>>> print(open('my_file-v5.cif').read())   # mmCIF, C-alpha atoms
data_final
#
loop_
_atom_site.label_atom_id
_atom_site.label_comp_id
_atom_site.auth_asym_id
_atom_site.auth_seq_id
_atom_site.Cartn_x
_atom_site.Cartn_y
_atom_site.Cartn_z
CA MET A 175 -78.46 34.61 -74.79
CA LYS A 176 -76.49 31.46 -75.43
CA PRO A 177 -76.80 29.16 -72.40
CA LEU A 178 -73.57 28.47 -70.56
CA PHE A 179 -74.54 24.87 -69.88
CA SER A 180 -74.89 23.62 -73.44
CA GLN A 181 -73.71 20.23 -72.17
CA GLY A 182 -75.46 20.58 -68.82
CA PRO A 183 -78.35 18.10 -68.77
CA SER A 184 -76.46 15.39 -70.57
CA ALA A 185 -73.67 15.49 -68.00
CA ALA A 186 -76.20 15.09 -65.21
CA SER A 187 -77.94 12.18 -66.91
CA ARG A 188 -74.57 10.54 -67.57
CA VAL A 189 -73.65 10.89 -63.92
CA MET A 190 -77.02 9.48 -62.84
CA SER A 191 -76.87 6.46 -65.14
CA LEU A 192 -73.23 5.65 -64.33
CA GLY A 193 -74.01 6.13 -60.64
CA ALA A 194 -76.88 3.64 -60.96
CA VAL A 195 -74.57 1.13 -62.72
CA ALA A 196 -72.03 1.62 -59.91
CA LEU A 197 -74.73 0.98 -57.31
CA ILE A 198 -75.75 -2.24 -59.05
CA LEU A 199 -72.10 -3.35 -59.12
CA ILE A 200 -71.75 -2.57 -55.41
CA LEU A 201 -74.82 -4.65 -54.56
CA LEU A 202 -73.61 -7.50 -56.75
CA SER A 203 -70.13 -7.45 -55.16
CA THR A 204 -71.48 -7.31 -51.64
CA TYR A 205 -74.27 -9.85 -51.78
CA THR A 206 -73.26 -12.28 -54.54
CA THR A 207 -70.10 -13.83 -55.92
CA ILE A 208 -70.88 -13.25 -59.61
CA LEU A 209 -68.20 -10.61 -60.01
CA ASP A 210 -65.38 -12.52 -58.30
CA PRO A 211 -63.90 -14.15 -61.46
CA LEU A 212 -63.96 -10.76 -63.17
CA ARG A 213 -62.16 -9.16 -60.25
CA ALA A 214 -59.52 -11.89 -60.26
CA ARG A 215 -58.89 -11.29 -63.98
CA LEU A 216 -58.67 -7.53 -63.52
CA ALA A 217 -56.13 -7.96 -60.73
CA THR A 218 -53.44 -7.98 -63.44
CA LEU A 219 -54.27 -4.29 -63.93
CA THR A 220 -53.40 -3.45 -60.36
CA SER A 221 -50.14 -5.34 -59.86
CA PRO A 222 -47.98 -2.70 -61.65
CA PHE A 223 -49.14 -0.09 -59.12
CA TYR A 224 -48.12 -2.25 -56.20
CA SER A 225 -44.75 -3.03 -57.82
CA LEU A 226 -44.23 0.70 -58.32
CA VAL A 227 -45.12 1.40 -54.71
CA ASN A 228 -42.85 -1.36 -53.42
CA ALA A 229 -39.86 -0.24 -55.48
CA PRO A 230 -38.55 2.45 -53.06
CA GLY A 231 -38.90 0.12 -50.05
CA GLN A 232 -37.06 -2.66 -51.85
CA ALA A 233 -34.34 -0.27 -52.99
CA VAL A 234 -33.84 0.89 -49.42
CA SER A 235 -33.57 -2.64 -48.04
CA TRP A 236 -31.20 -3.63 -50.85
CA ALA A 237 -29.01 -0.61 -50.00
CA GLN A 238 -29.15 -1.45 -46.30
CA GLY A 239 -28.22 -5.02 -47.07
CA SER A 240 -25.25 -4.05 -49.22
CA LEU A 241 -23.92 -1.55 -46.70
CA ARG A 242 -23.80 -3.91 -43.73
CA SER A 243 -20.42 -4.29 -42.10
CA ARG A 244 -18.75 -7.69 -41.94
CA GLU A 245 -18.94 -7.74 -38.13
CA GLN A 246 -22.69 -7.10 -38.24
CA LEU A 247 -23.20 -9.93 -40.69
CA GLN A 248 -21.10 -12.32 -38.62
CA ARG A 249 -23.01 -11.41 -35.47
CA GLU A 250 -26.34 -11.93 -37.20
CA ASN A 251 -25.14 -15.24 -38.58
CA GLY A 252 -24.12 -16.43 -35.11
CA ALA A 253 -27.45 -15.40 -33.58
CA MET A 254 -29.42 -17.15 -36.31
CA LYS A 255 -27.36 -20.35 -35.90
CA ALA A 256 -28.10 -20.36 -32.16
CA GLU A 257 -31.83 -19.86 -32.79
CA LEU A 258 -31.82 -22.62 -35.38
CA LEU A 259 -30.20 -24.99 -32.89
CA ILE A 260 -32.97 -24.31 -30.38
CA HIS A 261 -35.66 -24.93 -32.99
CA LYS A 262 -33.97 -28.12 -34.18
CA ARG A 263 -34.01 -29.45 -30.63
CA LYS A 264 -37.76 -28.82 -30.46
CA LEU A 265 -38.15 -30.60 -33.80
CA GLN A 266 -36.31 -33.68 -32.52
CA GLN A 267 -39.06 -34.19 -30.02
CA MET A 268 -41.75 -33.53 -32.62
CA ALA A 269 -41.00 -36.64 -34.65
CA SER A 270 -41.64 -38.91 -31.67
CA LEU A 271 -44.64 -36.85 -30.54
CA ALA A 272 -46.19 -37.10 -34.01
CA ALA A 273 -45.66 -40.87 -34.08
CA GLU A 274 -47.21 -41.21 -30.63
CA ASN A 275 -50.17 -39.13 -31.79
CA VAL A 276 -50.70 -41.42 -34.77
CA ARG A 277 -50.56 -44.52 -32.52
CA LEU A 278 -53.02 -43.04 -30.02
CA ARG A 279 -55.42 -42.11 -32.81
CA GLN A 280 -55.20 -45.60 -34.23
CA LEU A 281 -56.01 -46.98 -30.79
CA LEU A 282 -59.12 -44.81 -30.70
CA ASN A 283 -59.97 -45.81 -34.30
CA SER A 284 -59.94 -42.14 -35.34
CA ALA A 285 -59.21 -40.90 -38.82
CA GLU A 286 -55.56 -40.18 -39.50
CA MET A 287 -54.43 -36.56 -39.42
CA VAL A 288 -53.20 -35.37 -42.77
CA LYS A 289 -49.87 -33.60 -42.83
CA ASP A 290 -49.97 -30.04 -44.13
CA ARG A 291 -47.78 -28.70 -46.90
CA VAL A 292 -46.67 -25.06 -46.98
CA LEU A 293 -45.57 -22.54 -49.59
CA VAL A 294 -43.52 -19.49 -48.66
CA ALA A 295 -44.85 -16.20 -50.01
CA GLU A 296 -44.14 -12.52 -49.57
CA LEU A 297 -46.47 -9.66 -48.83
CA ILE A 298 -46.38 -7.21 -51.71
CA GLY A 299 -49.17 -4.86 -50.78
CA ILE A 300 -51.62 -3.84 -48.09
CA SER A 301 -55.05 -2.40 -48.70
CA PRO A 302 -54.88 1.30 -47.80
CA ASP A 303 -58.50 1.41 -46.62
CA PRO A 304 -58.47 1.26 -42.79
CA LEU A 305 -61.86 -0.51 -42.80
CA THR A 306 -60.70 -3.29 -45.12
CA HIS A 307 -58.01 -5.61 -43.79
CA ARG A 308 -56.70 -7.22 -46.94
CA VAL A 309 -53.19 -7.94 -48.12
CA ILE A 310 -51.72 -9.05 -51.42
CA VAL A 311 -49.20 -11.87 -51.68
CA ASN A 312 -47.02 -12.77 -54.59
CA LYS A 313 -48.26 -16.32 -55.22
CA GLY A 314 -51.21 -17.12 -57.47
CA LEU A 315 -52.84 -19.80 -59.60
CA GLN A 316 -49.51 -20.67 -61.19
CA HIS A 317 -48.19 -21.72 -57.78
CA GLY A 318 -51.23 -23.79 -56.88
CA VAL A 319 -52.95 -21.24 -54.63
CA TYR A 320 -56.68 -21.90 -54.28
CA LEU A 321 -59.65 -19.90 -53.02
CA GLY A 322 -60.06 -20.19 -49.25
CA GLN A 323 -56.47 -21.24 -48.63
CA PRO A 324 -55.22 -20.34 -45.12
CA LEU A 325 -52.31 -17.98 -44.64
CA LEU A 326 -50.03 -17.93 -41.63
CA ASP A 327 -46.90 -16.18 -40.50
CA ALA A 328 -44.22 -17.31 -38.07
CA ALA A 329 -46.44 -16.73 -35.03
CA GLY A 330 -49.96 -17.75 -36.00
CA LEU A 331 -52.86 -17.71 -38.44
CA MET A 332 -53.22 -14.56 -40.49
CA GLY A 333 -56.14 -15.02 -42.85
CA GLN A 334 -57.53 -16.76 -45.91
CA VAL A 335 -57.23 -16.23 -49.64
CA VAL A 336 -60.31 -14.55 -51.13
CA GLU A 337 -59.19 -13.74 -54.68
CA VAL A 338 -56.70 -15.62 -56.84
CA SER A 339 -55.19 -14.35 -60.07
CA ASP A 340 -52.33 -15.78 -62.07
CA TYR A 341 -49.36 -14.51 -60.08
CA THR A 342 -50.84 -12.75 -57.03
CA SER A 343 -53.63 -13.36 -54.54
CA GLN A 344 -55.65 -11.21 -52.18
CA VAL A 345 -55.90 -12.39 -48.59
CA LEU A 346 -58.55 -11.36 -46.05
CA LEU A 347 -57.02 -10.99 -42.57
CA ILE A 348 -58.67 -12.50 -39.48
CA THR A 349 -59.12 -9.02 -38.00
CA ASP A 350 -61.32 -7.78 -40.85
CA ALA A 351 -64.82 -6.92 -39.65
CA THR A 352 -66.36 -9.42 -42.07
CA HIS A 353 -64.23 -12.41 -41.00
CA ALA A 354 -64.97 -15.08 -38.38
CA LEU A 355 -62.82 -18.07 -37.43
CA PRO A 356 -63.74 -21.20 -35.42
CA VAL A 357 -61.29 -21.55 -32.52
CA GLN A 358 -60.90 -23.61 -29.38
CA VAL A 359 -59.17 -22.84 -26.11
CA ASN A 360 -55.91 -24.81 -26.01
CA ARG A 361 -56.20 -25.53 -22.29
CA ASN A 362 -59.61 -27.16 -22.16
CA GLY A 363 -61.00 -27.43 -25.71
CA VAL A 364 -63.85 -24.95 -25.23
CA ARG A 365 -65.09 -23.98 -28.69
CA ALA A 366 -65.86 -20.43 -29.83
CA VAL A 367 -65.85 -18.26 -32.92
CA ALA A 368 -63.29 -15.44 -33.07
CA GLU A 369 -64.63 -12.49 -35.07
CA GLY A 370 -62.69 -9.53 -36.35
CA ILE A 371 -63.90 -6.07 -35.44
CA GLY A 372 -61.76 -3.99 -37.77
CA ASP A 373 -58.98 -3.53 -35.21
CA LEU A 374 -55.58 -5.04 -36.03
CA TYR A 375 -54.95 -5.94 -32.39
CA GLN A 376 -58.31 -7.31 -31.28
CA LEU A 377 -60.56 -10.25 -31.96
CA LYS A 378 -63.89 -10.68 -30.21
CA LEU A 379 -65.30 -14.00 -29.02
CA ARG A 380 -68.99 -13.40 -29.24
CA HIS A 381 -71.91 -15.36 -27.81
CA LEU A 382 -69.96 -17.13 -25.09
CA ALA A 383 -72.12 -17.94 -22.08
CA ASN A 384 -71.17 -16.31 -18.77
CA THR A 385 -70.34 -19.69 -17.24
CA VAL A 386 -67.81 -20.72 -19.89
CA ASP A 387 -64.32 -21.50 -18.59
CA VAL A 388 -62.11 -18.99 -20.41
CA ARG A 389 -59.34 -17.11 -18.59
CA GLU A 390 -56.97 -14.28 -19.40
CA GLY A 391 -53.81 -15.60 -21.01
CA ASP A 392 -55.50 -18.59 -22.63
CA LEU A 393 -54.18 -19.53 -26.03
CA LEU A 394 -56.81 -19.88 -28.76
CA VAL A 395 -56.01 -22.33 -31.56
CA SER A 396 -57.95 -23.10 -34.70
CA SER A 397 -60.43 -25.91 -34.14
CA GLY A 398 -60.70 -27.09 -37.76
CA LEU A 399 -64.50 -26.93 -37.66
CA GLY A 400 -65.84 -25.42 -40.86
CA GLN A 401 -63.04 -27.19 -42.77
CA ARG A 402 -61.49 -23.93 -43.87
CA PHE A 403 -58.56 -23.63 -41.48
CA PRO A 404 -56.45 -26.62 -40.41
CA VAL A 405 -56.51 -27.76 -36.78
CA GLY A 406 -54.10 -26.62 -34.13
CA TYR A 407 -52.55 -23.40 -35.43
CA PRO A 408 -52.36 -20.60 -32.84
CA VAL A 409 -54.76 -17.75 -33.49
CA ALA A 410 -54.85 -15.39 -30.51
CA LYS A 411 -54.28 -14.95 -26.80
CA VAL A 412 -57.15 -13.92 -24.55
CA VAL A 413 -56.56 -10.44 -23.19
CA SER A 414 -59.65 -9.75 -21.13
CA VAL A 415 -62.70 -11.67 -19.93
CA VAL A 416 -65.60 -9.73 -18.44
CA HIS A 417 -68.36 -11.72 -16.76
CA ASP A 418 -71.26 -9.32 -16.24
CA PRO A 419 -74.13 -11.21 -14.57
CA GLY A 420 -76.60 -8.74 -16.06
CA GLN A 421 -75.48 -9.52 -19.61
CA PRO A 422 -76.44 -12.71 -21.46
CA PHE A 423 -72.92 -13.30 -22.81
CA ALA A 424 -69.40 -12.85 -21.50
CA ARG A 425 -67.23 -10.19 -23.16
CA VAL A 426 -64.02 -11.84 -24.27
CA VAL A 427 -61.34 -9.98 -26.19
CA ALA A 428 -58.27 -11.68 -27.66
CA ARG A 429 -55.13 -10.35 -29.29
CA PRO A 430 -54.01 -12.08 -32.52
CA GLU A 431 -50.72 -13.96 -32.28
CA ALA A 432 -49.67 -13.24 -35.85
CA GLN A 433 -47.80 -9.98 -36.46
CA LEU A 434 -50.51 -8.74 -38.81
CA ASN A 435 -49.00 -5.36 -39.54
CA ARG A 436 -45.36 -6.37 -39.57
CA SER A 437 -44.86 -9.79 -41.18
CA ARG A 438 -43.42 -9.69 -44.63
CA HIS A 439 -42.80 -13.40 -45.23
CA VAL A 440 -45.88 -15.59 -44.90
CA LEU A 441 -46.84 -19.21 -45.45
CA LEU A 442 -49.70 -20.56 -47.51
CA VAL A 443 -50.95 -23.88 -46.12
CA PHE A 444 -52.23 -26.64 -48.37
CA SER A 445 -54.54 -28.46 -46.00
CA GLY A 446 -57.10 -31.22 -46.23
CA GLU A 447 -57.66 -32.58 -49.71
CA HIS A 448 -55.21 -30.06 -51.18
CA SER A 449 -52.18 -31.47 -49.37
CA GLU A 450 -51.09 -33.85 -52.15
CA ALA A 451 -48.19 -32.00 -53.72
CA PRO A 452 -47.90 -31.56 -57.47
CA VAL A 453 -44.35 -30.13 -57.43
CA GLY A 454 -42.63 -27.09 -56.07
CA ALA A 455 -43.77 -26.79 -52.44
CA GLN A 456 -42.32 -28.70 -49.53
CA MET B 103 -68.26 17.38 -78.15
CA SER B 104 -66.71 20.75 -77.38
CA MET B 105 -64.92 23.48 -79.30
CA VAL B 106 -61.58 23.20 -77.48
CA LYS B 107 -58.88 21.16 -79.17
CA PRO B 108 -57.34 18.55 -76.87
CA HIS B 109 -53.78 19.44 -76.07
CA ASN B 110 -51.40 17.53 -73.76
CA ARG B 111 -54.23 15.52 -72.22
CA TRP B 112 -51.64 12.89 -71.18
CA VAL B 113 -50.71 15.24 -68.32
CA ILE B 114 -54.12 14.58 -66.81
CA LEU B 115 -53.55 10.83 -67.06
CA MET B 116 -50.13 11.19 -65.43
CA THR B 117 -51.56 13.17 -62.54
CA PHE B 118 -54.22 10.51 -61.96
CA ILE B 119 -51.63 7.74 -62.03
CA GLY B 120 -49.63 9.72 -59.47
CA ALA B 121 -52.77 10.06 -57.34
CA LEU B 122 -53.40 6.29 -57.54
CA VAL B 123 -49.82 5.57 -56.44
CA LEU B 124 -50.21 8.01 -53.54
CA ALA B 125 -53.50 6.37 -52.63
CA ILE B 126 -51.82 3.01 -51.98
CA PHE B 127 -48.41 4.19 -50.79
CA PRO B 128 -47.78 2.47 -47.43
CA ILE B 129 -47.82 4.95 -44.56
CA GLY B 130 -48.31 2.54 -41.66
CA SER B 131 -51.50 0.98 -40.35
CA ALA B 132 -51.74 3.47 -37.46
CA ASN B 133 -51.87 6.40 -39.90
CA GLY B 134 -54.55 4.90 -42.10
CA TRP B 135 -57.08 7.62 -41.36
CA LEU B 136 -54.63 10.49 -41.93
CA ARG B 137 -54.14 9.79 -45.62
CA PRO B 138 -55.47 12.61 -47.85
CA GLU B 139 -57.80 11.44 -50.61
CA PHE B 140 -55.77 12.45 -53.63
CA VAL B 141 -57.97 10.86 -56.28
CA PRO B 142 -61.16 12.81 -55.41
CA MET B 143 -59.07 15.98 -54.99
CA LEU B 144 -57.73 15.58 -58.48
CA VAL B 145 -61.25 14.91 -59.79
CA ILE B 146 -62.41 18.15 -58.16
CA TYR B 147 -59.54 20.07 -59.73
CA TRP B 148 -59.82 18.73 -63.27
CA VAL B 149 -63.62 18.96 -63.37
CA MET B 150 -63.39 22.55 -62.12
CA VAL B 151 -60.88 23.70 -64.71
CA MET B 152 -62.25 21.69 -67.64
CA PRO B 153 -65.90 20.94 -66.91
CA GLN B 154 -67.09 20.64 -70.49
CA GLN B 155 -64.29 18.32 -71.52
CA SER B 156 -64.48 15.99 -68.52
CA SER B 157 -65.24 12.43 -69.49
CA ILE B 158 -67.54 11.09 -66.80
CA PHE B 159 -67.04 7.55 -68.06
CA SER B 160 -63.25 7.78 -67.55
CA LEU B 161 -63.83 8.99 -64.00
CA TRP B 162 -66.12 6.00 -63.45
CA CYS B 163 -63.43 3.63 -64.75
CA LEU B 164 -60.89 5.35 -62.53
CA GLY B 165 -63.17 4.68 -59.57
CA CYS B 166 -63.35 1.00 -60.52
CA VAL B 167 -59.53 0.79 -60.77
CA LEU B 168 -59.27 2.33 -57.30
CA ASP B 169 -61.75 -0.29 -56.01
CA LEU B 170 -59.63 -3.10 -57.43
CA LEU B 171 -56.49 -1.58 -55.89
CA GLU B 172 -58.03 -1.26 -52.45
CA GLY B 173 -59.86 -4.59 -52.41
CA VAL B 174 -63.31 -3.12 -51.68
CA ALA B 175 -66.67 -3.70 -53.34
CA LEU B 176 -66.48 -3.00 -57.07
CA GLY B 177 -68.22 0.29 -57.81
CA GLN B 178 -67.71 1.88 -54.38
CA HIS B 179 -65.27 4.56 -55.44
CA ALA B 180 -66.94 4.79 -58.85
CA MET B 181 -70.18 5.86 -57.19
CA ALA B 182 -68.37 8.19 -54.78
CA LEU B 183 -66.46 9.85 -57.65
CA MET B 184 -69.76 10.27 -59.53
CA VAL B 185 -71.11 12.19 -56.53
CA VAL B 186 -67.96 14.32 -56.39
CA ALA B 187 -68.04 15.02 -60.14
CA TYR B 188 -71.73 15.89 -60.04
CA VAL B 189 -71.30 18.40 -57.20
CA CYS B 190 -68.36 19.96 -59.05
CA LEU B 191 -70.29 20.19 -62.31
CA LEU B 192 -73.12 21.96 -60.56
CA SER B 193 -70.98 24.54 -58.79
CA TYR B 194 -67.70 24.98 -60.66
CA GLN B 195 -68.55 28.50 -61.79
CA ARG B 196 -68.82 29.73 -58.21
CA ILE B 197 -65.91 27.78 -56.76
CA ARG B 198 -63.46 28.89 -59.41
CA ASN B 199 -63.76 32.45 -58.15
CA TYR B 200 -63.27 31.68 -54.48
CA THR B 201 -59.99 32.39 -52.71
CA LEU B 202 -57.77 29.40 -52.00
CA TRP B 203 -58.82 29.26 -48.34
CA HIS B 204 -62.50 29.42 -49.19
CA GLN B 205 -61.95 26.62 -51.69
CA THR B 206 -60.37 24.57 -48.91
CA PHE B 207 -63.65 24.55 -47.01
CA VAL B 208 -65.58 23.55 -50.12
CA VAL B 209 -63.10 20.72 -50.74
CA PHE B 210 -63.61 19.58 -47.16
CA VAL B 211 -67.35 19.35 -47.72
CA ILE B 212 -67.03 17.55 -51.06
CA ILE B 213 -64.48 15.02 -49.78
CA GLY B 214 -66.71 14.60 -46.71
CA LEU B 215 -69.53 13.59 -49.09
CA HIS B 216 -67.16 11.17 -50.79
CA GLN B 217 -66.24 9.61 -47.43
CA LEU B 218 -69.92 9.38 -46.52
CA VAL B 219 -70.65 7.34 -49.65
CA ASP B 220 -67.60 5.15 -48.96
CA ASN B 221 -68.70 4.51 -45.40
CA TRP B 222 -72.23 3.72 -46.51
CA VAL B 223 -70.97 1.00 -48.87
CA HIS B 224 -68.81 -0.40 -46.06
CA SER B 225 -71.87 -0.48 -43.82
CA LEU B 226 -73.58 -2.77 -46.36
CA GLN B 227 -70.91 -5.36 -45.57
CA GLY B 228 -70.85 -4.69 -41.84
CA SER B 229 -67.44 -2.99 -41.80
CA ALA B 230 -68.54 0.63 -41.27
CA ALA B 231 -66.43 2.91 -39.07
CA GLN B 232 -67.54 2.97 -35.45
CA SER B 233 -67.40 6.76 -35.06
CA LEU B 234 -67.00 9.89 -37.20
CA ILE B 235 -63.35 8.98 -37.73
CA PHE B 236 -64.15 8.24 -41.38
CA LEU B 237 -64.31 12.02 -41.91
CA LEU B 238 -60.68 12.47 -40.86
CA PRO B 239 -59.40 12.00 -44.44
CA ALA B 240 -61.61 14.92 -45.43
CA PHE B 241 -59.70 17.13 -42.97
CA ALA B 242 -56.38 15.84 -44.24
CA SER B 243 -57.42 16.38 -47.86
CA ALA B 244 -58.60 19.92 -47.13
CA LEU B 245 -55.25 20.70 -45.51
CA MET B 246 -53.43 19.34 -48.57
CA TRP B 247 -55.67 21.18 -51.03
CA PRO B 248 -53.57 24.39 -51.38
CA VAL B 249 -50.47 22.32 -52.21
CA VAL B 250 -52.38 20.16 -54.68
CA TRP B 251 -54.09 23.12 -56.34
CA LEU B 252 -50.91 25.17 -56.72
CA SER B 253 -48.87 22.30 -58.15
CA LEU B 254 -51.62 21.27 -60.57
CA GLU B 255 -52.11 24.86 -61.71
CA LYS B 256 -48.41 25.13 -62.38
CA LEU B 257 -48.49 21.86 -64.31
CA ARG B 258 -51.55 22.84 -66.32
CA VAL B 259 -50.22 26.24 -67.26
CA SER B 260 -46.71 25.10 -68.13
CA TYR B 261 -47.98 22.28 -70.36
CA ARG B 262 -50.96 24.33 -71.56
CA VAL B 263 -53.32 21.44 -70.98
CA SER B 264 -56.75 21.84 -72.51
#
>>> encode(input="my_file-v5.cif", output="structure tokens")
Amino acid sequence: MKPLFSQGPSAASRVMSLGAVALILILLSTYTTILDPLRARLATLTSPFYSLVNAPGQAVSWAQGSLRSREQLQRENGAMKAELLIHKRKLQQMASLAAENVRLRQLLNSAEMVKDRVLVAELIGISPDPLTHRVIVNKGLQHGVYLGQPLLDAAGLMGQVVEVSDYTSQVLLITDATHALPVQVNRNGVRAVAEGIGDLYQLKLRHLANTVDVREGDLLVSSGLGQRFPVGYPVAKVVSVVHDPGQPFARVVARPEAQLNRSRHVLLVFSGEHSEAPVGAQ
Amino acid sequence: MSMVKPHNRWVILMTFIGALVLAIFPIGSANGWLRPEFVPMLVIYWVMVMPQQSSIFSLWCLGCVLDLLEGVALGQHAMALMVVAYVCLLSYQRIRNYTLWHQTFVVFVIIGLHQLVDNWVHSLQGSAAQSLIFLLPAFASALMWPVVWLSLEKLRVSYRVS
């Protein structure tokens, strides 16, 4: 009788060999960086999907924008002008504070702090995998984005760029389980490392001794150690500190300041040796 | 390769593009685990109805595209889809004859396998799920299976895809 599976064995061997190739690719992606340039090139394949997915959302916000009443727009305008006035007042003080800072540092013979330059970008996609906290922004190599560049939103640090293609980049958020960020407590300068645990609202400070002076409500800012993130940007607020004398380390949990699941407009910071502007950013 | 003449194969491509769009459609970060896995479901369907004409290499490439879209290790979904395709190739003759509700359970098991492979690759990087919550998409996919199967059957019959 004619066998039903005339193609049977060859399908199985194809599956096995392609499965083995996939496994090799997984191991290469996870433990080496050989495939990163390839991934950046292939990112051009994926941008049409994200544009397609964004189209309904953008159409809805365009419709909402066009249908606003004149009174609503005037009210919004007034509120924004008031907020801008408050921020401008804070800025007035900043100029003198910055100058004082420079003078004090000169007195101590410290190195001068380099001013950071920022580039406004927009979030065009979020990774759908709940275990992978990555987002896609609409600035790439053409705009001067580099690998490892920090990303912030209006409230605090959000993450760093891990993949750059021509017109888009992929950013790893600080709450991803594979991300860690050197921070210091704003109040007393205690240094720690804030690690993501895969939860959008929690960062863990691991390996802090039980005697360390950290309290609930403390603001954690980036310490600049590791030379990846610039100094002084807010990262998180401590939510709970548990000192268990039986445990070797204190259990400190912090909540990120940045609105990781809501921000649409973000800033890419050119820090350190990247702060000299070519053109285009301010 | 096989005796059947290809007819309207572009329908298959369109359904996979639709599945990829649904895979990344934003549904809110709180609902991340409730998203049905449309790409493996479509793989199950098309391998079941056309096992001899399924191109395993195209499924592998589809897995790689899904990896690039999601920002995970390259090859993760490729390997998972290989597992799904293999299980379907081994058992399509039985599953075709099951009732829709019986098929739902089989789909739950197969998507559960797919999620297991996914979670294993995540565990290599240290980002594995902390509980069995990674099987929740398998539930959601099983619940969506009757809808998916009926609409794809309608599509396949009306376009006479072969």
>>> residues_around(input="my_file-v5.cif", residues="segment 247-253 of chain B", least_positions_apart="6", cutoff="12 Å", atoms="all atoms listed in the file", output="VMD selection string")
chain B and resid 117 120 to 121 138 to 148 150 to 151 198 201 to 210 212 to 213 239 to 241 259 to 260
>>> resolve_selection(input="my_file-v5.cif", expression="the PyMOL selection byres ((chain B) within 8 of (chain A))", output="count of residues only")
37
>>> atom_distance(input="my_file-v5.cif", atom1="atom CA of Thr342 of chain A", atom2="atom CA of His448 of chain A")
18.8 Å
>>> atom_distance(input="my_file-v5.cif", atom1="atom CA of Val211 of chain B", atom2="atom CA of Ser233 of chain B")
17.9 Å
>>> closest_residue(input="my_file-v5.cif", among="A:Ala295, A:Leu325, A:Val338, A:Leu355", to="Val311 of chain A", atoms="all atoms listed in the file")
A:Ala295
>>> atom_distance(input="my_file-v5.cif", atom1="atom CA of Gln433 of chain A", atom2="atom CA of Thr349 of chain A")
11.5 Å
>>> resolve_selection(input="my_file-v5.cif", expression="the PyMOL selection byres ((chain A and resi 413-423) around 12)", output="number ranges by chain")
A: 375-394, 410-412, 424-431
>>> axis_aligned_box(input="my_file-v5.cif", around="segment 322-328 of chain A", padding_each_side="3 Å", output="lines of an AutoDock Vina configuration file")
center_x = -52.1
center_y = -18.7
center_z = -43.7
size_x = 21.8
size_y = 11.1
size_z = 17.2
>>> closest_residue(input="my_file-v5.cif", among="A:Val405, A:Leu247, A:Leu442, A:Leu331", to="Ser343 of chain A", atoms="only C-alpha atoms")
A:Leu442
>>> resolve_selection(input="my_file-v5.cif", expression="the PyMOL selection byres ((chain A and resi 401) around 12)", output="PDB file with C-alpha atoms, in the frame of the given file")
ATOM      1  CA  GLY A 322     -60.060 -20.190 -49.250  1.00  0.00           C
ATOM      2  CA  GLN A 323     -56.470 -21.240 -48.630  1.00  0.00           C
ATOM      3  CA  PRO A 324     -55.220 -20.340 -45.120  1.00  0.00           C
ATOM      4  CA  LEU A 355     -62.820 -18.070 -37.430  1.00  0.00           C
ATOM      5  CA  PRO A 356     -63.740 -21.200 -35.420  1.00  0.00           C
ATOM      6  CA  VAL A 357     -61.290 -21.550 -32.520  1.00  0.00           C
ATOM      7  CA  SER A 396     -57.950 -23.100 -34.700  1.00  0.00           C
ATOM      8  CA  SER A 397     -60.430 -25.910 -34.140  1.00  0.00           C
ATOM      9  CA  GLY A 398     -60.700 -27.090 -37.760  1.00  0.00           C
ATOM     10  CA  LEU A 399     -64.500 -26.930 -37.660  1.00  0.00           C
ATOM     11  CA  GLY A 400     -65.840 -25.420 -40.860  1.00  0.00           C
ATOM     12  CA  ARG A 402     -61.490 -23.930 -43.870  1.00  0.00           C
ATOM     13  CA  PHE A 403     -58.560 -23.630 -41.480  1.00  0.00           C
ATOM     14  CA  PRO A 404     -56.450 -26.620 -40.410  1.00  0.00           C
ATOM     15  CA  VAL A 405     -56.510 -27.760 -36.780  1.00  0.00           C
ATOM     16  CA  SER A 445     -54.540 -28.460 -46.000  1.00  0.00           C
ATOM     17  CA  GLY A 446     -57.100 -31.220 -46.230  1.00  0.00           C
ATOM     18  CA  GLU A 447     -57.660 -32.580 -49.710  1.00  0.00           C
ATOM     19  CA  HIS A 448     -55.210 -30.060 -51.180  1.00  0.00           C
TER      20      HIS A 448
END
